[in-house]
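For reference, start-v8.txt is printed below; it contains compact mmCIF, C-alpha atoms.
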```
# COMPACT_ATOMS: atom_id res chain seq x y z
CA MET A 1146 0.00 0.00 0.00
CA SER A 1147 1.43 3.37 -1.01
CA LYS A 1148 2.16 6.14 1.48
CA THR A 1149 2.03 9.92 1.22
CA PHE A 1150 4.88 12.23 2.18
CA VAL A 1151 5.16 16.01 2.24
CA LEU A 1152 8.43 17.66 1.23
CA ILE A 1153 9.01 21.26 2.35
CA SER A 1154 11.84 23.43 1.10
CA CYS A 1155 14.21 24.99 3.61
CA CYS A 1156 14.41 28.77 4.05
CA ALA A 1157 17.05 31.47 4.42
CA LYS A 1158 15.98 32.62 7.89
CA LYS A 1159 17.29 30.29 10.58
CA LYS A 1160 17.99 30.21 14.29
CA GLU A 1161 21.53 31.19 15.20
CA CYS A 1162 22.43 27.93 16.92
CA GLU A 1163 22.04 24.18 16.35
CA HIS A 1164 18.45 23.01 16.70
CA TYR A 1165 15.78 20.53 15.61
CA ALA A 1166 14.97 21.10 11.93
CA GLU A 1167 11.35 22.06 12.64
CA VAL A 1168 12.63 24.87 14.86
CA LEU A 1169 15.85 25.83 13.05
CA TYR A 1170 13.98 27.11 9.99
CA ASP A 1171 12.43 30.28 11.31
CA SER A 1172 10.60 32.12 8.52
CA ASP A 1173 6.84 32.72 8.56
CA GLY A 1174 6.60 30.95 5.21
CA PHE A 1175 8.25 27.79 6.51
CA LYS A 1176 6.06 27.75 9.62
CA ILE A 1177 2.87 28.05 7.54
CA ARG A 1178 4.06 25.31 5.15
CA LEU A 1179 4.81 23.02 8.07
CA ALA A 1180 1.44 23.70 9.71
CA TYR A 1181 -0.36 22.96 6.44
CA ALA A 1182 1.70 19.81 5.93
CA ARG A 1183 0.71 18.50 9.38
CA LEU A 1184 -2.97 19.06 8.63
CA LEU A 1185 -2.70 16.97 5.46
CA ASN A 1186 -2.02 14.05 7.84
CA PRO A 1187 0.72 12.44 5.71
CA ASP A 1188 2.79 9.40 6.60
CA GLY A 1189 5.84 11.62 6.96
CA ILE A 1190 7.16 15.17 6.55
CA PHE A 1191 10.68 16.02 5.42
CA VAL A 1192 12.60 19.21 4.73
CA ILE A 1193 14.55 19.34 1.48
CA SER A 1194 17.70 21.25 2.34
CA ALA A 1195 20.32 22.74 0.04
CA LEU A 1196 23.05 21.51 2.42
CA TYR A 1197 21.65 18.45 4.23
CA HIS A 1198 19.39 17.22 1.37
CA VAL A 1199 16.48 15.24 3.01
CA VAL A 1200 16.01 16.16 6.67
CA SER A 1201 13.62 14.76 9.29
CA LEU A 1202 11.80 17.34 11.43
CA THR A 1203 13.54 16.01 14.53
CA ASP A 1204 17.06 15.95 13.06
CA PHE A 1205 19.37 18.15 15.10
CA ILE A 1206 21.26 20.33 12.60
CA LYS A 1207 23.43 23.42 12.52
CA PRO A 1208 22.48 26.66 10.74
CA TYR A 1209 24.03 27.24 7.34
CA ASN A 1210 24.11 29.75 4.50
CA VAL A 1211 23.59 27.66 1.36
CA CYS A 1212 20.79 28.22 -1.15
CA LEU A 1213 19.87 26.06 -4.13
CA LYS A 1214 19.27 29.06 -6.36
CA ASP A 1215 23.03 29.65 -6.30
CA PHE A 1216 23.74 26.14 -7.67
CA SER A 1217 24.59 25.49 -11.30
CA SER A 1218 22.42 23.10 -13.32
CA ALA A 1219 24.97 20.34 -12.87
CA GLU A 1220 25.17 20.93 -9.11
CA LYS A 1221 21.38 20.76 -8.85
CA ARG A 1222 21.35 17.42 -10.66
CA GLU A 1223 23.94 16.01 -8.24
CA TRP A 1224 22.00 17.42 -5.30
CA ALA A 1225 18.81 15.72 -6.54
CA LYS A 1226 20.60 12.36 -6.91
CA ILE A 1227 21.65 12.49 -3.24
CA CYS A 1228 18.05 13.38 -2.26
CA TRP A 1229 16.77 10.34 -4.19
CA LYS A 1230 19.13 8.04 -2.30
CA GLN A 1231 18.03 9.49 1.04
CA LEU A 1232 14.34 9.24 0.09
CA ASP A 1233 14.88 5.58 -0.80
CA MET A 1234 15.86 4.98 2.82
CA VAL A 1235 12.47 6.22 4.13
CA SER A 1236 10.06 5.75 1.24
CA ASP A 1237 9.36 4.03 -2.10
CA ARG A 1238 9.94 6.55 -4.90
CA GLN A 1239 8.18 4.38 -7.48
CA ASN A 1240 4.97 3.81 -5.52
CA ASP A 1241 4.61 6.45 -2.81
CA LYS A 1242 3.06 9.86 -3.37
CA TYR A 1243 4.81 13.14 -2.62
CA ILE A 1244 3.29 16.56 -2.01
CA ILE A 1245 5.99 19.15 -2.62
CA LEU A 1246 5.71 22.59 -1.01
CA ALA A 1247 8.72 24.26 -2.59
CA GLY A 1248 9.87 26.58 -5.33
CA LYS A 1249 11.10 25.58 -8.79
CA ASP A 1250 14.78 25.52 -7.77
CA TYR A 1251 14.00 22.71 -5.33
CA TYR A 1252 11.54 20.57 -7.28
CA GLU A 1253 12.74 20.90 -10.91
CA GLU A 1254 15.44 18.22 -10.76
CA LEU A 1255 13.99 16.36 -7.76
CA VAL A 1256 10.74 15.30 -9.50
CA LYS A 1257 12.65 13.61 -12.33
CA GLY A 1258 13.30 10.72 -9.96
CA ILE A 1259 9.79 10.59 -8.47
CA LYS A 1260 6.86 8.85 -10.19
CA TYR A 1261 3.86 10.24 -8.29
CA TYR A 1262 3.96 13.82 -7.06
CA LYS A 1263 1.88 16.95 -6.68
CA ILE A 1264 3.08 20.56 -6.45
CA PRO A 1265 0.05 22.61 -5.24
CA THR A 1266 1.79 25.97 -5.72
CA GLN A 1267 3.40 25.21 -9.08
CA HIS A 1268 1.17 27.72 -10.89
CA LEU A 1269 1.97 30.53 -8.44
CA SER A 1270 4.79 33.03 -8.31
CA GLN A 1271 7.21 32.81 -5.38
CA PHE A 1272 5.52 35.65 -3.50
CA LYS A 1273 2.02 34.18 -3.86
CA GLN A 1274 2.85 30.69 -2.63
CA THR A 1275 2.84 31.37 1.12
CA PRO A 1276 -0.44 33.39 1.05
CA TRP A 1277 -2.10 30.57 -0.91
CA ILE A 1278 -0.95 27.89 1.54
CA ASN A 1279 -2.05 30.13 4.42
CA SER A 1280 -5.52 30.39 2.88
CA GLN A 1281 -5.85 26.59 2.82
CA ILE A 1282 -5.63 26.31 6.61
CA THR A 1283 -9.35 26.58 7.23
CA CYS A 1284 -11.82 25.53 9.89
CA ASP A 1285 -12.99 22.77 7.54
CA LEU A 1286 -9.49 21.37 7.00
CA ILE A 1287 -8.77 21.45 10.74
CA HIS A 1288 -12.01 19.60 11.55
CA LYS A 1289 -11.40 17.05 8.81
CA PHE A 1290 -7.91 16.41 10.20
CA ALA A 1291 -8.99 16.27 13.86
CA ASN A 1292 -11.93 13.96 13.16
CA LYS A 1293 -9.76 11.45 11.26
CA LEU A 1294 -7.33 11.02 14.14
CA PRO A 1295 -7.78 8.11 16.59
CA ARG A 1296 -10.39 9.07 19.21
CA PHE A 1297 -9.98 8.59 22.96
CA THR A 1298 -12.44 8.69 25.84
CA TYR A 1299 -12.03 8.32 29.60
CA PRO A 1300 -10.48 6.08 30.83
CA PHE A 1301 -7.64 6.04 28.28
CA ASP A 1302 -4.33 4.24 27.92
CA LYS A 1303 -1.52 6.79 28.25
CA SER A 1304 0.90 4.48 26.46
CA LYS A 1305 -1.07 4.95 23.24
CA LEU A 1306 -0.53 8.71 23.26
CA PRO A 1307 2.52 10.55 21.88
CA ARG A 1308 4.76 12.10 24.53
CA ASN A 1309 4.50 15.55 22.94
CA GLY A 1310 1.74 17.08 20.87
CA VAL A 1311 -1.45 19.08 20.48
CA TYR A 1312 -4.92 17.85 21.44
CA PHE A 1313 -8.51 18.44 20.26
CA PHE A 1314 -11.55 17.95 22.51
CA PHE A 1315 -15.04 17.16 21.20
CA GLU A 1316 -18.35 17.29 23.08
CA LYS A 1317 -21.49 15.17 22.70
CA GLY A 1318 -24.19 16.89 20.67
CA GLU A 1319 -21.84 19.45 19.12
CA THR A 1320 -21.33 19.40 15.36
CA TYR A 1321 -19.73 21.58 12.70
CA LYS A 1322 -21.09 20.71 9.25
CA GLU A 1323 -20.55 16.94 8.89
CA PHE A 1324 -17.91 16.82 11.63
CA ASP A 1325 -17.86 16.48 15.41
CA ARG A 1326 -17.25 20.07 16.53
CA ILE A 1327 -13.98 20.95 18.26
CA VAL A 1328 -14.64 22.59 21.63
CA ARG A 1329 -11.08 22.97 22.86
CA ILE A 1330 -7.56 22.95 21.41
CA GLY A 1331 -4.56 22.82 23.70
CA THR A 1332 -1.03 21.63 24.32
CA HIS A 1333 1.57 21.43 27.11
CA ASP A 1334 4.89 23.00 28.10
CA GLY A 1335 7.19 20.35 29.56
CA ASP A 1336 8.85 17.79 27.33
CA GLY A 1337 7.00 14.47 27.38
CA ASN A 1338 4.03 15.85 29.33
CA LEU A 1339 1.14 15.44 26.88
CA PRO A 1340 -0.31 12.32 28.58
CA SER A 1341 -0.02 13.86 32.06
CA ARG A 1342 -1.66 17.09 30.83
CA LEU A 1343 -4.68 15.13 29.64
CA VAL A 1344 -4.77 13.32 32.98
CA GLU A 1345 -4.87 16.72 34.73
CA HIS A 1346 -7.94 17.64 32.68
CA LEU A 1347 -9.89 14.39 33.03
CA ASN A 1348 -8.64 12.63 36.12
CA ASP A 1349 -6.95 14.97 38.62
CA GLU A 1350 -9.64 16.84 40.52
CA ASN A 1351 -7.81 20.15 40.87
CA LYS A 1352 -9.23 23.16 39.03
CA ASP A 1353 -6.05 25.17 39.69
CA ARG A 1354 -4.02 22.74 37.57
CA SER A 1355 -6.47 22.80 34.65
CA ILE A 1356 -8.14 25.94 33.30
CA PHE A 1357 -10.34 23.57 31.29
CA ARG A 1358 -11.77 22.14 34.52
CA LYS A 1359 -12.08 25.60 36.01
CA ASN A 1360 -14.10 26.82 33.01
CA ILE A 1361 -16.54 23.90 33.19
CA GLY A 1362 -16.92 24.44 36.94
CA ARG A 1363 -17.71 28.10 36.25
CA ALA A 1364 -20.56 27.04 33.95
CA ILE A 1365 -21.91 24.54 36.51
CA LEU A 1366 -22.00 27.18 39.24
CA ASN A 1367 -23.19 30.02 37.04
CA LYS A 1368 -26.09 27.94 35.74
CA LYS A 1369 -27.32 27.63 39.33
CA ASP A 1370 -26.55 31.27 40.18
CA ASP A 1371 -24.38 29.83 42.94
CA SER A 1372 -22.37 32.41 44.91
CA PHE A 1373 -19.73 29.71 45.48
CA LEU A 1374 -18.40 30.87 42.11
CA THR A 1375 -16.43 33.51 44.05
CA CYS A 1376 -14.56 30.76 45.92
CA TRP A 1377 -14.15 28.69 42.75
CA GLU A 1378 -12.30 31.60 41.13
CA ARG A 1379 -9.67 31.71 43.85
CA ASP A 1380 -6.38 30.03 42.87
CA LEU A 1381 -5.36 27.92 45.88
CA THR A 1382 -2.10 26.61 44.42
CA THR A 1383 0.21 28.10 47.03
CA LYS A 1384 0.01 27.24 50.73
CA LYS A 1385 -0.02 30.90 51.78
CA VAL A 1386 -3.03 31.73 49.60
CA LYS A 1387 -4.83 28.59 50.76
CA ASP A 1388 -4.18 29.49 54.41
CA THR A 1389 -5.34 33.07 53.84
CA TYR A 1390 -8.71 32.07 52.38
CA SER A 1391 -9.28 28.70 54.05
CA SER A 1392 -11.71 30.11 56.59
CA SER A 1393 -14.01 31.46 53.86
CA ILE A 1394 -14.01 28.39 51.60
CA ASP A 1395 -16.22 25.34 52.01
CA PHE A 1396 -13.70 22.67 50.99
CA GLU A 1397 -16.29 19.90 51.09
CA LYS A 1398 -18.37 21.78 48.55
CA LEU A 1399 -15.22 22.39 46.52
CA LYS A 1400 -14.70 18.63 46.32
CA ARG A 1401 -18.31 18.09 45.28
CA ILE A 1402 -18.00 20.60 42.43
CA GLU A 1403 -14.73 18.98 41.32
CA LYS A 1404 -16.54 15.62 41.14
CA GLN A 1405 -19.36 17.21 39.11
CA VAL A 1406 -16.76 18.61 36.70
CA SER A 1407 -15.12 15.18 36.38
CA GLU A 1408 -18.47 13.50 35.79
CA TYR A 1409 -19.43 15.98 33.09
CA MET A 1410 -16.08 15.76 31.29
CA ARG A 1411 -15.83 11.98 31.41
CA ASN A 1412 -19.41 11.46 30.20
CA ASN A 1413 -19.49 14.11 27.49
CA LEU A 1414 -15.99 14.66 26.12
CA SER A 1415 -13.67 12.75 23.80
CA PHE A 1416 -10.33 13.81 22.36
CA SER A 1417 -7.77 13.20 19.64
CA VAL A 1418 -4.08 14.13 19.53
CA PHE A 1419 -1.28 14.59 17.02
CA GLU A 1420 2.44 14.61 17.61
CA VAL A 1421 4.51 17.81 17.63
CA ALA A 1422 7.97 17.31 19.07
CA THR A 1423 9.06 20.80 20.11
CA LYS A 1424 7.50 23.29 22.51
CA GLU A 1425 7.89 26.21 20.11
CA ASN A 1426 6.00 24.44 17.34
CA ARG A 1427 3.33 23.10 19.70
CA HIS A 1428 2.45 26.59 20.85
CA TYR A 1429 2.58 27.92 17.29
CA MET A 1430 0.13 25.23 16.15
CA GLU A 1431 -2.14 25.75 19.15
CA LYS A 1432 -2.44 29.48 18.52
CA LEU A 1433 -2.92 29.11 14.75
CA LEU A 1434 -5.55 26.37 15.03
CA ILE A 1435 -7.61 28.20 17.68
CA LYS A 1436 -7.59 31.39 15.63
CA ARG A 1437 -8.61 29.69 12.37
CA VAL A 1438 -11.40 27.68 13.98
CA SER A 1439 -12.86 30.52 16.06
CA GLU A 1440 -12.84 33.07 13.20
CA GLU A 1441 -15.05 30.90 10.98
CA LYS A 1442 -18.53 32.49 10.79
CA MET A 1443 -20.27 29.12 10.51
CA PHE A 1444 -18.50 27.78 13.60
CA PHE A 1445 -20.86 28.20 16.56
CA PRO A 1446 -22.29 26.08 19.39
CA SER A 1447 -25.70 24.45 19.52
CA LYS A 1448 -28.45 25.98 21.65
CA ASP A 1449 -27.95 23.16 24.17
CA TRP A 1450 -24.17 23.52 24.51
CA PHE A 1451 -23.30 23.62 28.20
CA GLY A 1452 -20.75 26.38 27.58
CA ASN A 1453 -23.64 28.78 26.94
CA PHE A 1454 -23.96 28.94 30.73
CA SER A 1455 -20.39 30.16 31.15
CA PRO A 1456 -19.97 33.56 32.82
CA GLU A 1457 -17.06 34.19 30.42
CA GLU A 1458 -18.10 36.12 27.31
CA LYS A 1459 -15.25 34.79 25.17
CA ILE A 1460 -16.28 31.20 25.88
CA ARG A 1461 -19.93 31.86 25.07
CA SER A 1462 -19.19 33.82 21.90
CA SER A 1463 -16.43 31.56 20.54
CA GLY A 1464 -18.13 28.24 21.30
CA MET A 1465 -14.92 26.87 22.80
CA TRP A 1466 -13.84 26.10 26.36
CA LEU A 1467 -11.00 28.64 26.25
CA LYS A 1468 -10.28 32.36 25.98
CA GLN A 1469 -6.73 32.74 24.73
CA HIS A 1470 -6.03 33.15 21.00
CA VAL A 1471 -9.70 33.19 19.96
CA ALA A 1472 -10.57 35.49 17.08
CA LYS A 1473 -12.60 38.66 17.58
CA GLU A 1474 -15.73 37.92 19.57
CA LYS A 1475 -18.80 36.85 17.60
CA THR A 1476 -22.44 37.03 18.62
CA ASN A 1477 -23.69 33.70 19.92
CA MET A 1478 -27.48 33.66 19.62
CA ASN A 1479 -27.67 30.47 21.70
CA THR A 1480 -26.15 31.98 24.85
CA LYS A 1481 -28.22 31.25 27.95
CA GLN A 1482 -29.23 34.20 30.07
CA VAL A 1483 -26.46 34.75 32.60
CA PRO A 1484 -28.03 35.48 36.00
CA LYS A 1485 -25.39 38.01 37.03
CA SER A 1486 -22.42 39.67 35.41
CA VAL A 1487 -19.07 37.97 35.99
CA LYS A 1488 -17.84 40.91 38.03
CA GLN A 1489 -20.96 40.92 40.21
CA VAL A 1490 -20.62 37.24 41.07
CA LYS A 1491 -16.88 37.47 41.65
CA THR A 1492 -16.75 40.59 43.77
CA GLU A 1493 -19.94 41.05 45.72
CA GLY A 1494 -19.39 41.15 49.47
CA LEU A 1495 -15.60 41.24 49.19
CA SER A 1496 -13.18 43.82 50.52
CA GLN A 1497 -11.91 46.56 48.24
CA LYS A 1498 -8.42 45.04 48.11
CA VAL A 1499 -9.73 41.59 47.14
CA GLN A 1500 -12.00 43.11 44.50
CA ILE A 1501 -8.99 44.84 42.93
CA GLU A 1502 -7.07 41.54 43.02
CA ILE A 1503 -9.85 39.89 41.04
CA PHE A 1504 -9.87 42.67 38.44
CA ILE A 1505 -6.10 42.32 38.00
CA GLU A 1506 -6.31 38.53 37.72
CA ASP A 1507 -9.04 38.88 35.08
CA TYR A 1508 -6.86 41.31 33.13
CA ILE A 1509 -3.94 38.85 33.17
CA ASP A 1510 -6.19 35.92 32.27
CA LYS A 1511 -7.66 37.68 29.24
CA SER A 1512 -4.40 39.13 27.93
CA GLU A 1513 -2.78 37.34 25.00
CA LYS A 1514 0.60 38.95 25.61
CA ASP A 1515 3.55 36.89 26.83
CA GLU A 1516 4.62 39.69 29.17
CA ILE A 1517 2.49 42.30 30.89
CA VAL A 1518 3.75 45.48 32.47
CA LEU A 1519 1.29 47.22 34.78
CA SER A 1520 1.46 50.35 36.87
CA ALA A 1521 -0.73 51.55 39.72
CA ARG A 1522 -1.55 54.66 37.70
CA GLU A 1523 -2.82 52.53 34.83
CA ILE A 1524 -4.93 50.29 37.06
CA ARG A 1525 -6.43 53.30 38.81
CA LYS A 1526 -7.91 54.41 35.46
CA TRP A 1527 -9.77 51.16 34.90
CA PRO A 1528 -13.51 51.95 35.26
CA CYS A 1529 -14.09 48.86 37.41
CA VAL A 1530 -11.39 50.01 39.85
CA ALA A 1531 -12.30 53.69 39.72
CA ASN A 1532 -15.84 52.80 40.78
CA ILE A 1533 -14.67 51.29 44.06
CA CYS A 1534 -11.65 53.51 44.81
CA THR A 1535 -11.68 57.07 46.03
CA ASN A 1536 -8.82 59.58 46.24
CA LYS A 1537 -6.68 57.32 44.01
CA ASN A 1538 -6.19 54.84 46.89
CA TYR A 1539 -2.79 53.65 45.70
CA LYS A 1540 -2.21 51.78 48.94
CA ASN A 1541 -4.88 49.16 48.28
CA ILE A 1542 -3.93 48.93 44.62
CA CYS A 1543 -0.28 48.31 45.52
CA ARG A 1544 -1.20 45.68 48.10
CA ALA A 1545 -3.53 43.93 45.65
CA MET A 1546 -0.91 43.89 42.91
CA LYS A 1547 1.71 42.57 45.30
CA ASP A 1548 -0.52 39.65 46.29
CA VAL A 1549 -1.52 38.81 42.72
CA PHE A 1550 2.00 38.83 41.34
CA LYS A 1551 3.86 37.47 44.32
CA TYR A 1552 1.75 34.37 44.74
CA HIS A 1553 1.05 33.71 41.09
CA SER A 1554 2.97 30.72 39.75
CA SER A 1555 4.40 32.79 36.91
CA TYR A 1556 5.44 35.79 38.99
CA ILE A 1557 8.95 36.93 38.03
CA ASP A 1558 9.60 40.36 39.53
CA GLY A 1559 9.29 42.38 42.73
CA ILE A 1560 7.65 45.76 43.28
CA ASP A 1561 8.55 49.27 44.25
CA GLU A 1562 5.76 50.60 46.43
CA SER A 1563 5.55 54.04 44.90
CA SER A 1564 2.69 55.46 42.94
CA SER A 1565 4.46 54.72 39.66
CA PHE A 1566 5.77 51.18 40.27
CA LYS A 1567 5.49 48.61 37.52
CA MET A 1568 4.86 44.88 37.61
CA LEU A 1569 6.19 42.40 35.08
CA TYR A 1570 4.22 39.22 34.56
CA LYS A 1571 5.22 36.32 32.34
CA LYS A 1572 2.50 33.95 31.21
```
Spell out the structure here as structure tokens.
Amino acid sequence: MSKTFVLISCCAKKKECEHYAEVLYDSDGFKIRLAYARLLNPDGIFVISALYHVVSLTDFIKPYNVCLKDFSSAEKREWAKICWKQLDMVSDRQNDKYIILAGKDYYEELVKGIKYYKIPTQHLSQFKQTPWINSQITCDLIHKFANKLPRFTYPFDKSKLPRNGVYFFFEKGETYKEFDRIVRIGTHDGDGNLPSRLVEHLNDENKDRSIFRKNIGRAILNKKDDSFLTCWERDLTTKKVKDTYSSSIDFEKLKRIEKQVSEYMRNNLSFSVFEVATKENRHYMEKLLIKRVSEEKMFFPSKDWFGNFSPEEKIRSSGMWLKQHVAKEKTNMNTKQVPKSVKQVKTEGLSQKVQIEIFIEDYIDKSEKDEIVLSAREIRKWPCVANICTNKNYKNICRAMKDVFKYHSSYIDGIDESSSFKMLYKK
């Protein structure tokens, strides 16, 4: 049975030090080609390099300054012969199919030794190739790809999952055209942690280790107009924060809500995964896929989607259990009536300082920036803060910022308690 392989040309822009091939090549065009190649779900992807010839995505190679356009016709023929020999080691040139995402300099001699091939951008000029490939990464292609992958439900065998990759979640009753509708796209940071990240979502009952769980818990509580939502919002990761708020939190109820979240997720969700070896490429794919899915006008939830009860506008409007990287908010006509505004539920009955903490945490949560620099002067101008503060009240703002940043797991800098201090946050 024949296989399909995608061949991507290398690029001039590269990292300055030795790296995996999928990371070394650093141009926007290469990244888009690689993303498109992954979504074609081939049997393999290789880079065709002017120096290294046929390169696996996980080959560790050094940067170089060699370009095929500088080769003579004879040099190109010799280069192609070496590529054929290397392709013979990983494929069958007489029976397998090759999709070539490259310019004429790279495919002209190469295809003379390949029987079955396709060059989608052959009819396009060099400067139109990347925009065309970019336009092919659509919500439909992503759903087709995600729905063809092996599907998992709880409980699942971790040994059958790749160590590194990106995941798609689907929810019962949710469809997009002829496909099961994607309701969440995500990945992980640490090397080899994809299986454990999925366990955190579906098995470990700790909302502060999984924003996915926290978002479903928000919908459960908001549907009931339950004031416990205020406690659910509190991140209890650190011992000091837990000790500070332990007297005001019903931990037995917290456990019950965690079990309700687990029950909902295990009974209603399934997922698929695909392998992406490096952290940089995982996060690139995650961001790209979320944006392309959420910007599609025909992508929206059903009237019975549980996420319609979420107090988070971005979740309701996007139809996905996430807020980061979603495209500009759309109107979701199926949104359930939210009993109270998010801010009302989160802040009613709390001290001024704690209210300000919640506003700051919301700001951080909704920001798509990798680093955030905030000043007390800036926060004082926020309408939500101005409404509860009088005479500037920098003291409470400074204290609130100190608590948020100091005890946040990604806190990286201290503060200067003056009216113009700044805080640096790294997501």
Item to check | Which of A:Thr1149, A:Gln1274, A:Asn1210, A:Asn1279 sits closest to Ser1236 in chain A [using only C-alpha atoms] | outcome: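 The shortest atom-to-atom distance to Ser1236 in chain A comes from A:Thr1149.
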Item to check | Which residue of A:Phe1416, A:Ser1217, A:Phe1150, A:Thr1375 approaches Gln1500 in chain A most closely, using all atoms listed in the file | outcome: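 For Gln1500 in chain A, the nearest of the given residues is A:Thr1375.
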Checklist entry - Of the candidates A:Phe1419, A:Phe1396, A:Tyr1321, A:Tyr1508, which one gets nearest to Leu1306 in chain A if we count only C-alpha atoms? => result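 That would be A:Phe1419, the residue with the smallest distance to Leu1306 in chain A.
CA of Leu1347 in chain A sits 10.6 Å away from CA of Glu1403 in chain A.
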Checklist entry - Nearest to Lys1398 in chain A: which of A:Ile1177, A:Leu1374, A:Ile1287, A:Leu1343 is it, counting all atoms listed in the file? => result A:Leu1374
Checklist entry - Taking all atoms listed in the file into account, which of A:Ser1520, A:Ser1439, A:Gln1281, A:Ser1417 comes nearest Leu1339 in chain A? => result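 Answer, going by the shortest atom-to-atom distance: A:Ser1417.
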